[in-house]
>>> print(open('final-v7.pdb').read())   # PDB, C-alpha atoms, pLDDT in the B column
ATOM      1  CA  GLU A  10     133.900 106.180 104.151  1.00 77.00           C
ATOM      2  CA  ILE A  11     130.227 107.152 104.156  1.00 81.00           C
ATOM      3  CA  ASN A  12     131.213 110.828 104.338  1.00 77.00           C
ATOM      4  CA  SER A  13     133.638 110.535 101.444  1.00 81.00           C
ATOM      5  CA  THR A  14     133.229 112.759  98.402  1.00 82.00           C
ATOM      6  CA  ASP A  15     134.118 109.745  96.225  1.00 86.00           C
ATOM      7  CA  LEU A  16     130.828 108.092  95.237  1.00 87.00           C
ATOM      8  CA  HIS A  17     132.516 104.715  94.786  1.00 90.00           C
ATOM      9  CA  ALA A  18     133.827 104.779  98.366  1.00 92.00           C
ATOM     10  CA  LYS A  19     130.456 106.037  99.631  1.00 92.00           C
ATOM     11  CA  ALA A  20     128.628 103.236  97.795  1.00 93.00           C
ATOM     12  CA  ASN A  21     131.035 100.664  99.210  1.00 93.00           C
ATOM     13  CA  ALA A  22     130.411 101.962 102.740  1.00 94.00           C
ATOM     14  CA  LEU A  23     126.648 101.945 102.129  1.00 93.00           C
ATOM     15  CA  GLU A  24     126.814  98.304 101.096  1.00 93.00           C
ATOM     16  CA  LYS A  25     128.503  97.471 104.404  1.00 94.00           C
ATOM     17  CA  LEU A  26     125.932  99.478 106.357  1.00 93.00           C
ATOM     18  CA  THR A  27     123.115  97.614 104.620  1.00 94.00           C
ATOM     19  CA  PHE A  28     124.591  94.357 105.861  1.00 94.00           C
ATOM     20  CA  PHE A  29     124.726  95.723 109.405  1.00 92.00           C
ATOM     21  CA  GLN A  30     121.094  96.846 109.058  1.00 93.00           C
ATOM     22  CA  MET A  31     120.141  93.303 108.100  1.00 91.00           C
ATOM     23  CA  ILE A  32     121.705  91.875 111.260  1.00 92.00           C
ATOM     24  CA  GLY A  33     120.004  94.349 113.557  1.00 91.00           C
ATOM     25  CA  TYR A  34     121.983  97.607 113.599  1.00 92.00           C
ATOM     26  CA  SER A  35     120.205 100.800 112.524  1.00 91.00           C
ATOM     27  CA  MET A  36     121.512 102.737 109.542  1.00 91.00           C
ATOM     28  CA  SER A  37     118.903 105.505 109.801  1.00 89.00           C
ATOM     29  CA  TRP A  38     121.661 108.064 110.403  1.00 90.00           C
ATOM     30  CA  ALA A  39     122.963 107.372 106.875  1.00 91.00           C
ATOM     31  CA  SER A  40     119.690 108.178 105.083  1.00 92.00           C
ATOM     32  CA  PHE A  41     120.980 111.303 103.357  1.00 93.00           C
ATOM     33  CA  ALA A  42     124.113 109.492 102.168  1.00 93.00           C
ATOM     34  CA  THR A  43     121.811 106.819 100.722  1.00 94.00           C
ATOM     35  CA  ILE A  44     120.013 109.441  98.659  1.00 94.00           C
ATOM     36  CA  GLU A  45     123.339 110.876  97.482  1.00 94.00           C
ATOM     37  CA  VAL A  46     124.349 107.474  96.089  1.00 94.00           C
ATOM     38  CA  MET A  47     120.883 106.993  94.561  1.00 94.00           C
ATOM     39  CA  SER A  48     121.592 110.048  92.409  1.00 93.00           C
ATOM     40  CA  SER A  49     124.676 108.411  90.864  1.00 93.00           C
ATOM     41  CA  ALA A  50     124.616 107.718  87.120  1.00 92.00           C
ATOM     42  CA  ARG A  51     126.249 104.290  87.585  1.00 94.00           C
ATOM     43  CA  PHE A  52     123.906 101.306  87.699  1.00 95.00           C
ATOM     44  CA  GLY A  53     126.058  99.539  90.285  1.00 94.00           C
ATOM     45  CA  HIS A  54     125.735 102.486  92.661  1.00 95.00           C
ATOM     46  CA  LYS A  55     121.991 102.700  92.058  1.00 95.00           C
ATOM     47  CA  ARG A  56     121.574  99.006  92.885  1.00 96.00           C
ATOM     48  CA  ILE A  57     123.410  99.400  96.201  1.00 96.00           C
ATOM     49  CA  SER A  58     121.589 102.571  97.233  1.00 95.00           C
ATOM     50  CA  TYR A  59     118.080 101.445  96.260  1.00 96.00           C
ATOM     51  CA  ASN A  60     118.622  98.246  98.212  1.00 96.00           C
ATOM     52  CA  ALA A  61     119.901 100.283 101.171  1.00 95.00           C
ATOM     53  CA  ALA A  62     116.806 102.502 101.042  1.00 95.00           C
ATOM     54  CA  SER A  63     114.551  99.440 100.933  1.00 95.00           C
ATOM     55  CA  GLN A  64     116.259  98.074 104.037  1.00 93.00           C
ATOM     56  CA  GLY A  65     116.822 101.252 106.023  1.00 93.00           C
ATOM     57  CA  PHE A  66     114.026 103.719 105.216  1.00 94.00           C
ATOM     58  CA  THR A  67     110.819 103.745 107.254  1.00 90.00           C
ATOM     59  CA  GLN A  68     107.635 105.824 107.168  1.00 89.00           C
ATOM     60  CA  ASP A  69     109.313 108.162 109.656  1.00 88.00           C
ATOM     61  CA  THR A  70     112.517 108.741 107.650  1.00 90.00           C
ATOM     62  CA  GLU A  71     112.752 112.525 107.401  1.00 89.00           C
ATOM     63  CA  VAL A  72     114.455 112.657 104.011  1.00 92.00           C
ATOM     64  CA  ILE A  73     112.176 110.155 102.286  1.00 94.00           C
ATOM     65  CA  LEU A  74     110.416 112.868 100.252  1.00 92.00           C
ATOM     66  CA  LEU A  75     113.768 113.694  98.652  1.00 93.00           C
ATOM     67  CA  THR A  76     113.497 110.376  96.801  1.00 95.00           C
ATOM     68  CA  THR A  77     110.397 111.543  94.900  1.00 95.00           C
ATOM     69  CA  ASN A  78     112.189 113.176  91.973  1.00 95.00           C
ATOM     70  CA  LEU A  79     114.855 110.460  91.835  1.00 95.00           C
ATOM     71  CA  LEU A  80     112.232 107.713  91.605  1.00 96.00           C
ATOM     72  CA  LYS A  81     110.164 109.703  89.128  1.00 95.00           C
ATOM     73  CA  LYS A  82     113.216 110.169  86.908  1.00 94.00           C
ATOM     74  CA  GLU A  83     113.945 106.427  86.873  1.00 95.00           C
ATOM     75  CA  LEU A  84     110.322 105.518  86.101  1.00 95.00           C
ATOM     76  CA  ARG A  85     110.057 108.090  83.326  1.00 94.00           C
ATOM     77  CA  GLY A  86     113.360 106.902  81.876  1.00 91.00           C
ATOM     78  CA  ALA A  87     111.726 103.619  80.860  1.00 89.00           C
ATOM     79  CA  ILE A  88     108.406 104.975  79.577  1.00 81.00           C
ATOM     80  CA  GLY A  89     109.676 105.344  76.020  1.00 73.00           C
ATOM     81  CA  GLY A  90     109.729 101.571  75.464  1.00 68.00           C
ATOM     82  CA  GLY A  91     112.522  99.231  74.432  1.00 71.00           C
ATOM     83  CA  MET A  92     115.271  98.293  76.890  1.00 80.00           C
ATOM     84  CA  SER A  93     116.389 101.840  77.677  1.00 80.00           C
ATOM     85  CA  GLY A  94     116.182 102.426  81.424  1.00 90.00           C
ATOM     86  CA  VAL A  95     114.338  99.155  82.051  1.00 94.00           C
ATOM     87  CA  TYR A  96     116.577  97.794  84.792  1.00 94.00           C
ATOM     88  CA  GLU A  97     116.951 101.181  86.486  1.00 95.00           C
ATOM     89  CA  ALA A  98     113.159 101.455  86.575  1.00 96.00           C
ATOM     90  CA  GLY A  99     113.016  97.926  87.977  1.00 96.00           C
ATOM     91  CA  LEU A 100     115.263  98.996  90.858  1.00 95.00           C
ATOM     92  CA  ALA A 101     113.093 102.053  91.480  1.00 96.00           C
ATOM     93  CA  ILE A 102     109.893  99.957  91.545  1.00 97.00           C
ATOM     94  CA  ASN A 103     111.417  97.475  93.996  1.00 96.00           C
ATOM     95  CA  CYS A 104     112.475 100.337  96.254  1.00 96.00           C
ATOM     96  CA  LEU A 105     109.150 102.173  95.983  1.00 97.00           C
ATOM     97  CA  SER A 106     107.198  99.073  96.997  1.00 96.00           C
ATOM     98  CA  ASN A 107     109.191  98.965 100.243  1.00 95.00           C
ATOM     99  CA  ILE A 108     109.311 102.646 101.209  1.00 96.00           C
ATOM    100  CA  VAL A 109     106.040 103.996  99.772  1.00 96.00           C
ATOM    101  CA  THR A 110     104.191 106.651 101.756  1.00 95.00           C
ATOM    102  CA  GLU A 111     100.916 108.386 100.927  1.00 95.00           C
ATOM    103  CA  ASP A 112     102.794 111.328  99.391  1.00 95.00           C
ATOM    104  CA  LEU A 113     105.060 109.106  97.303  1.00 96.00           C
ATOM    105  CA  ALA A 114     102.073 107.053  96.130  1.00 96.00           C
ATOM    106  CA  ARG A 115     100.157 110.141  95.025  1.00 96.00           C
ATOM    107  CA  GLU A 116     103.145 111.652  93.210  1.00 96.00           C
ATOM    108  CA  LEU A 117     104.371 108.507  91.459  1.00 96.00           C
ATOM    109  CA  LEU A 118     101.072 106.825  90.566  1.00 96.00           C
ATOM    110  CA  PRO A 119     100.908 108.318  87.014  1.00 95.00           C
ATOM    111  CA  GLU A 120     104.426 107.163  86.083  1.00 95.00           C
ATOM    112  CA  LEU A 121     103.940 103.702  87.544  1.00 96.00           C
ATOM    113  CA  THR A 122     100.580 103.295  85.807  1.00 95.00           C
ATOM    114  CA  LYS A 123     102.160 104.030  82.423  1.00 94.00           C
ATOM    115  CA  LEU A 124     104.652 101.214  82.969  1.00 95.00           C
ATOM    116  CA  THR A 125     101.822  98.660  83.164  1.00 94.00           C
ATOM    117  CA  SER A 126     101.644  98.914  79.364  1.00 92.00           C
ATOM    118  CA  HIS A 127     105.414  98.876  78.754  1.00 93.00           C
ATOM    119  CA  SER A 128     106.689  96.629  75.957  1.00 92.00           C
ATOM    120  CA  GLN A 129     108.784  94.580  78.415  1.00 94.00           C
ATOM    121  CA  PRO A 130     106.853  92.087  80.623  1.00 95.00           C
ATOM    122  CA  TYR A 131     109.663  92.448  83.194  1.00 95.00           C
ATOM    123  CA  LEU A 132     108.434  95.967  83.927  1.00 95.00           C
ATOM    124  CA  ARG A 133     104.730  95.325  83.383  1.00 96.00           C
ATOM    125  CA  LYS A 134     104.570  92.684  86.101  1.00 96.00           C
ATOM    126  CA  LYS A 135     106.612  94.757  88.553  1.00 97.00           C
ATOM    127  CA  ALA A 136     104.406  97.797  87.946  1.00 96.00           C
ATOM    128  CA  VAL A 137     101.186  95.808  88.443  1.00 97.00           C
ATOM    129  CA  LEU A 138     102.402  94.353  91.740  1.00 96.00           C
ATOM    130  CA  CYS A 139     103.703  97.698  92.987  1.00 97.00           C
ATOM    131  CA  LEU A 140     100.350  99.348  92.280  1.00 96.00           C
ATOM    132  CA  PHE A 141      98.869  97.286  95.106  1.00 96.00           C
ATOM    133  CA  LYS A 142     101.370  98.761  97.579  1.00 96.00           C
ATOM    134  CA  LEU A 143     100.429 102.241  96.353  1.00 96.00           C
ATOM    135  CA  PHE A 144      96.708 101.501  96.751  1.00 95.00           C
ATOM    136  CA  VAL A 145      97.296 100.542 100.391  1.00 94.00           C
ATOM    137  CA  LYS A 146      98.786 103.958 101.148  1.00 95.00           C
ATOM    138  CA  TYR A 147      96.670 105.958  98.699  1.00 96.00           C
ATOM    139  CA  PRO A 148      93.252 104.241  98.303  1.00 94.00           C
ATOM    140  CA  GLN A 149      91.935 106.948  95.951  1.00 94.00           C
ATOM    141  CA  GLY A 150      94.432 105.720  93.377  1.00 93.00           C
ATOM    142  CA  LEU A 151      92.540 102.450  93.005  1.00 92.00           C
ATOM    143  CA  ARG A 152      89.539 104.155  91.441  1.00 90.00           C
ATOM    144  CA  LEU A 153      91.790 106.087  89.074  1.00 90.00           C
ATOM    145  CA  THR A 154      93.897 103.216  87.766  1.00 92.00           C
ATOM    146  CA  PHE A 155      92.067  99.929  88.359  1.00 90.00           C
ATOM    147  CA  SER A 156      91.414  99.551  84.618  1.00 91.00           C
ATOM    148  CA  ARG A 157      95.148  98.916  84.170  1.00 92.00           C
ATOM    149  CA  ILE A 158      94.963  96.011  86.617  1.00 92.00           C
ATOM    150  CA  GLN A 159      91.975  94.627  84.706  1.00 91.00           C
ATOM    151  CA  SER A 160      93.857  94.830  81.408  1.00 92.00           C
ATOM    152  CA  GLY A 161      96.612  92.764  83.015  1.00 93.00           C
ATOM    153  CA  LEU A 162      94.232  89.777  83.025  1.00 92.00           C
ATOM    154  CA  GLU A 163      94.358  89.812  79.218  1.00 92.00           C
ATOM    155  CA  ASP A 164      98.116  90.334  78.928  1.00 93.00           C
ATOM    156  CA  SER A 165     100.022  88.181  76.442  1.00 92.00           C
ATOM    157  CA  ASN A 166     102.595  87.227  79.095  1.00 94.00           C
ATOM    158  CA  PRO A 167     101.488  84.623  81.692  1.00 93.00           C
ATOM    159  CA  SER A 168     103.607  86.154  84.464  1.00 94.00           C
ATOM    160  CA  VAL A 169     101.853  89.515  84.078  1.00 95.00           C
ATOM    161  CA  VAL A 170      98.447  87.793  84.181  1.00 94.00           C
ATOM    162  CA  SER A 171      99.498  85.957  87.339  1.00 94.00           C
ATOM    163  CA  CYS A 172     100.548  89.245  88.968  1.00 95.00           C
ATOM    164  CA  ALA A 173      97.217  90.871  88.065  1.00 95.00           C
ATOM    165  CA  VAL A 174      95.344  87.921  89.612  1.00 94.00           C
ATOM    166  CA  ASN A 175      97.432  88.231  92.792  1.00 93.00           C
ATOM    167  CA  VAL A 176      96.648  91.933  93.115  1.00 94.00           C
ATOM    168  CA  ILE A 177      92.903  91.470  92.532  1.00 93.00           C
ATOM    169  CA  THR A 178      92.855  88.573  95.014  1.00 91.00           C
ATOM    170  CA  GLU A 179      94.356  90.799  97.703  1.00 91.00           C
ATOM    171  CA  LEU A 180      92.000  93.673  96.867  1.00 91.00           C
ATOM    172  CA  SER A 181      88.927  91.430  96.929  1.00 89.00           C
ATOM    173  CA  ASP A 182      89.632  90.460 100.538  1.00 85.00           C
ATOM    174  CA  LYS A 183      88.520  93.974 101.519  1.00 83.00           C
ATOM    175  CA  ASN A 184      85.371  94.236  99.401  1.00 84.00           C
ATOM    176  CA  PRO A 185      84.520  91.216  97.184  1.00 85.00           C
ATOM    177  CA  ARG A 186      81.350  92.859  95.855  1.00 84.00           C
ATOM    178  CA  ASN A 187      83.400  95.283  93.747  1.00 85.00           C
ATOM    179  CA  TYR A 188      84.806  92.431  91.656  1.00 87.00           C
ATOM    180  CA  ILE A 189      81.725  90.300  90.929  1.00 86.00           C
ATOM    181  CA  GLN A 190      81.440  91.718  87.391  1.00 87.00           C
ATOM    182  CA  MET A 191      84.894  90.295  86.644  1.00 88.00           C
ATOM    183  CA  ALA A 192      83.811  86.702  87.316  1.00 86.00           C
ATOM    184  CA  PRO A 193      83.617  85.814  83.571  1.00 89.00           C
ATOM    185  CA  SER A 194      87.264  86.845  83.137  1.00 90.00           C
ATOM    186  CA  PHE A 195      88.317  84.672  86.082  1.00 89.00           C
ATOM    187  CA  PHE A 196      86.354  81.721  84.713  1.00 89.00           C
ATOM    188  CA  GLN A 197      88.056  82.176  81.345  1.00 90.00           C
ATOM    189  CA  LEU A 198      91.441  81.978  83.060  1.00 91.00           C
ATOM    190  CA  LEU A 199      90.289  78.898  84.950  1.00 88.00           C
ATOM    191  CA  THR A 200      89.520  77.064  81.721  1.00 87.00           C
ATOM    192  CA  SER A 201      92.420  78.300  79.599  1.00 88.00           C
ATOM    193  CA  SER A 202      95.489  78.673  81.829  1.00 85.00           C
ATOM    194  CA  SER A 203      98.038  75.940  82.596  1.00 87.00           C
ATOM    195  CA  ASN A 204      99.674  77.882  85.450  1.00 88.00           C
ATOM    196  CA  ASN A 205      98.699  75.778  88.463  1.00 90.00           C
ATOM    197  CA  TRP A 206      99.795  78.323  91.056  1.00 89.00           C
ATOM    198  CA  MET A 207      97.724  81.021  89.410  1.00 90.00           C
ATOM    199  CA  LEU A 208      94.739  78.684  89.119  1.00 91.00           C
ATOM    200  CA  ILE A 209      94.854  78.165  92.886  1.00 91.00           C
ATOM    201  CA  LYS A 210      94.583  81.937  93.282  1.00 89.00           C
ATOM    202  CA  VAL A 211      91.704  82.093  90.776  1.00 90.00           C
ATOM    203  CA  VAL A 212      89.777  79.377  92.634  1.00 90.00           C
ATOM    204  CA  LYS A 213      90.320  81.258  95.912  1.00 86.00           C
ATOM    205  CA  LEU A 214      89.187  84.466  94.249  1.00 86.00           C
ATOM    206  CA  LEU A 215      86.015  82.896  92.848  1.00 85.00           C
ATOM    207  CA  GLY A 216      85.367  81.411  96.281  1.00 84.00           C
ATOM    208  CA  THR A 217      85.313  84.875  97.860  1.00 81.00           C
ATOM    209  CA  LEU A 218      82.859  86.082  95.215  1.00 78.00           C
ATOM    210  CA  VAL A 219      80.344  83.217  95.587  1.00 72.00           C
ATOM    211  CA  PRO A 220      78.809  84.420  98.899  1.00 64.00           C
ATOM    212  CA  GLU A 221      78.210  87.793  97.304  1.00 50.00           C
TER
END
>>> encode(input="final-v7.pdb", output="structure tokens")
Amino acid sequence: EINSTDLHAKANALEKLTFFQMIGYSMSWASFATIEVMSSARFGHKRISYNAASQGFTQDTEVILLTTNLLKKELRGAIGGGMSGVYEAGLAINCLSNIVTEDLARELLPELTKLTSHSQPYLRKKAVLCLFKLFVKYPQGLRLTFSRIQSGLEDSNPSVVSCAVNVITELSDKNPRNYIQMAPSFFQLLTSSSNNWMLIKVVKLLGTLVPE
């Protein structure tokens, strides 16, 4: 089935292989077939293949660079605003966060950064969280795009603010001194937010800054 020329049959086989991957069998030999299904125009096929890539691709997957243009296309498809391409871009972001390499991070950082100001909070919060995974593989990107994470603290949607706090909390574990100047913003959240889970993060974050 996985070698079929019918994309529907190939996608069906890929879904089965993903299940086998989850219970311990390798599907690395089907990496190229995964990319073939990722290129399908049907959302159902994209969902199966992006999930398969998230499960089966590793840093050593030889064909992983072939996903660059596919992911870039999905991310750019949502940049215009509105609901066009939103869910496809969501799939691409989920996949990217799991398979990101230094090369992918460098190539896709501009597109992902633009989505942090998308009109839909669904994409803004995903983009903010995914930026952290890109920073891990491509640290230079942090200096280039950190202002977008900062702007997330002032977002009108509480879930986006919470995601920005989570990312900054993780980043501050490495070097708290870089985030001392943001203390007033964290204190503002502490006194104005009703999101208890986020407030726990803010208290933890302020705690790491105090010794500095």
>>> atom_distance(input="final-v7.pdb", atom1="atom CA of A:Ser194", atom2="atom CA of A:Lys135")
21.6 Å
>>> atom_distance(input="final-v7.pdb", atom1="atom CA of A:Ala61", atom2="atom CA of A:Thr122")
24.9 Å
>>> residues_around(input="final-v7.pdb", residues="A:Gln190", least_positions_apart="4", cutoff="12 Å", atoms="all atoms listed in the file", output="PyMOL selection string")
chain A and resi 159+185-186+194-196+215+218-219+221
>>> write_last_selection(input="final-v7.pdb", atoms="C-alpha atoms", output="PDB file, in the coordinates of the input")
ATOM      1  CA  GLN A 159      91.975  94.627  84.706  1.00 91.00           C
ATOM      2  CA  PRO A 185      84.520  91.216  97.184  1.00 85.00           C
ATOM      3  CA  ARG A 186      81.350  92.859  95.855  1.00 84.00           C
ATOM      4  CA  SER A 194      87.264  86.845  83.137  1.00 90.00           C
ATOM      5  CA  PHE A 195      88.317  84.672  86.082  1.00 89.00           C
ATOM      6  CA  PHE A 196      86.354  81.721  84.713  1.00 89.00           C
ATOM      7  CA  LEU A 215      86.015  82.896  92.848  1.00 85.00           C
ATOM      8  CA  LEU A 218      82.859  86.082  95.215  1.00 78.00           C
ATOM      9  CA  VAL A 219      80.344  83.217  95.587  1.00 72.00           C
ATOM     10  CA  GLU A 221      78.210  87.793  97.304  1.00 50.00           C
TER      11      GLU A 221
END
>>> atom_distance(input="final-v7.pdb", atom1="atom CA of A:Asn78", atom2="atom CA of A:Ala18")
24.1 Å
>>> resolve_selection(input="final-v7.pdb", expression="the PyMOL selection byres ((chain A and resi 87) around 10)", output="number ranges by chain")
A: 82-86, 88-99, 120, 123-124, 127-129, 132
>>> closest_residue(input="final-v7.pdb", among="A:Lys25, A:Lys134, A:Arg51, A:Lys142", to="A:Ala173", atoms="all atoms listed in the file")
A:Lys134
>>> residues_around(input="final-v7.pdb", residues="A:Val174", least_positions_apart="3", cutoff="10 Å", atoms="only C-alpha atoms", output="compact mmCIF listing (two decimals) with C-alpha atoms, in the frame of the given file")
# COMPACT_ATOMS: atom_id res chain seq x y z
CA VAL A 137 101.19 95.81 88.44
CA LEU A 138 102.40 94.35 91.74
CA ILE A 158 94.96 96.01 86.62
CA GLN A 159 91.98 94.63 84.71
CA GLY A 161 96.61 92.76 83.02
CA LEU A 162 94.23 89.78 83.02
CA SER A 168 103.61 86.15 84.46
CA VAL A 169 101.85 89.52 84.08
CA VAL A 170 98.45 87.79 84.18
CA SER A 171 99.50 85.96 87.34
CA ILE A 177 92.90 91.47 92.53
CA THR A 178 92.86 88.57 95.01
CA GLU A 179 94.36 90.80 97.70
CA LEU A 180 92.00 93.67 96.87
CA PHE A 195 88.32 84.67 86.08
CA LEU A 198 91.44 81.98 83.06
CA MET A 207 97.72 81.02 89.41
CA LEU A 208 94.74 78.68 89.12
CA LYS A 210 94.58 81.94 93.28
CA VAL A 211 91.70 82.09 90.78
CA LEU A 214 89.19 84.47 94.25
>>> closest_residue(input="final-v7.pdb", among="A:Phe66, A:Phe52, A:Phe155, A:Tyr188", to="A:Cys104", atoms="all atoms listed in the file")
A:Phe66
>>> closest_residue(input="final-v7.pdb", among="A:Thr43, A:Asn187, A:Ser202, A:Ser160", to="A:Asn12", atoms="only C-alpha atoms")
A:Thr43
>>> residues_around(input="final-v7.pdb", residues="A:Leu75", least_positions_apart="2", cutoff="12 Å", atoms="all atoms listed in the file", output="number ranges by chain")
A: 40-45, 47-48, 62, 66, 70-73, 77-81, 112-113
>>> residues_near_point(input="final-v7.pdb", point="(121.6, 100.7, 97.8)", cutoff="10 Å", atoms="only C-alpha atoms", output="list in words")
Ala20, Asn21, Leu23, Glu24, Leu26, Thr27, Thr43, Ile44, Val46, Met47, Gly53, His54, Lys55, Arg56, Ile57, Ser58, Tyr59, Asn60, Ala61, Ala62, Ser63, Gln64, Gly65, Leu100 and Cys104 of chain A
>>> write_last_selection(input="final-v7.pdb", atoms="C-alpha atoms", output="PDB file, in the frame of the given file")
ATOM      1  CA  ALA A  20     128.628 103.236  97.795  1.00 93.00           C
ATOM      2  CA  ASN A  21     131.035 100.664  99.210  1.00 93.00           C
ATOM      3  CA  LEU A  23     126.648 101.945 102.129  1.00 93.00           C
ATOM      4  CA  GLU A  24     126.814  98.304 101.096  1.00 93.00           C
ATOM      5  CA  LEU A  26     125.932  99.478 106.357  1.00 93.00           C
ATOM      6  CA  THR A  27     123.115  97.614 104.620  1.00 94.00           C
ATOM      7  CA  THR A  43     121.811 106.819 100.722  1.00 94.00           C
ATOM      8  CA  ILE A  44     120.013 109.441  98.659  1.00 94.00           C
ATOM      9  CA  VAL A  46     124.349 107.474  96.089  1.00 94.00           C
ATOM     10  CA  MET A  47     120.883 106.993  94.561  1.00 94.00           C
ATOM     11  CA  GLY A  53     126.058  99.539  90.285  1.00 94.00           C
ATOM     12  CA  HIS A  54     125.735 102.486  92.661  1.00 95.00           C
ATOM     13  CA  LYS A  55     121.991 102.700  92.058  1.00 95.00           C
ATOM     14  CA  ARG A  56     121.574  99.006  92.885  1.00 96.00           C
ATOM     15  CA  ILE A  57     123.410  99.400  96.201  1.00 96.00           C
ATOM     16  CA  SER A  58     121.589 102.571  97.233  1.00 95.00           C
ATOM     17  CA  TYR A  59     118.080 101.445  96.260  1.00 96.00           C
ATOM     18  CA  ASN A  60     118.622  98.246  98.212  1.00 96.00           C
ATOM     19  CA  ALA A  61     119.901 100.283 101.171  1.00 95.00           C
ATOM     20  CA  ALA A  62     116.806 102.502 101.042  1.00 95.00           C
ATOM     21  CA  SER A  63     114.551  99.440 100.933  1.00 95.00           C
ATOM     22  CA  GLN A  64     116.259  98.074 104.037  1.00 93.00           C
ATOM     23  CA  GLY A  65     116.822 101.252 106.023  1.00 93.00           C
ATOM     24  CA  LEU A 100     115.263  98.996  90.858  1.00 95.00           C
ATOM     25  CA  CYS A 104     112.475 100.337  96.254  1.00 96.00           C
TER      26      CYS A 104
END
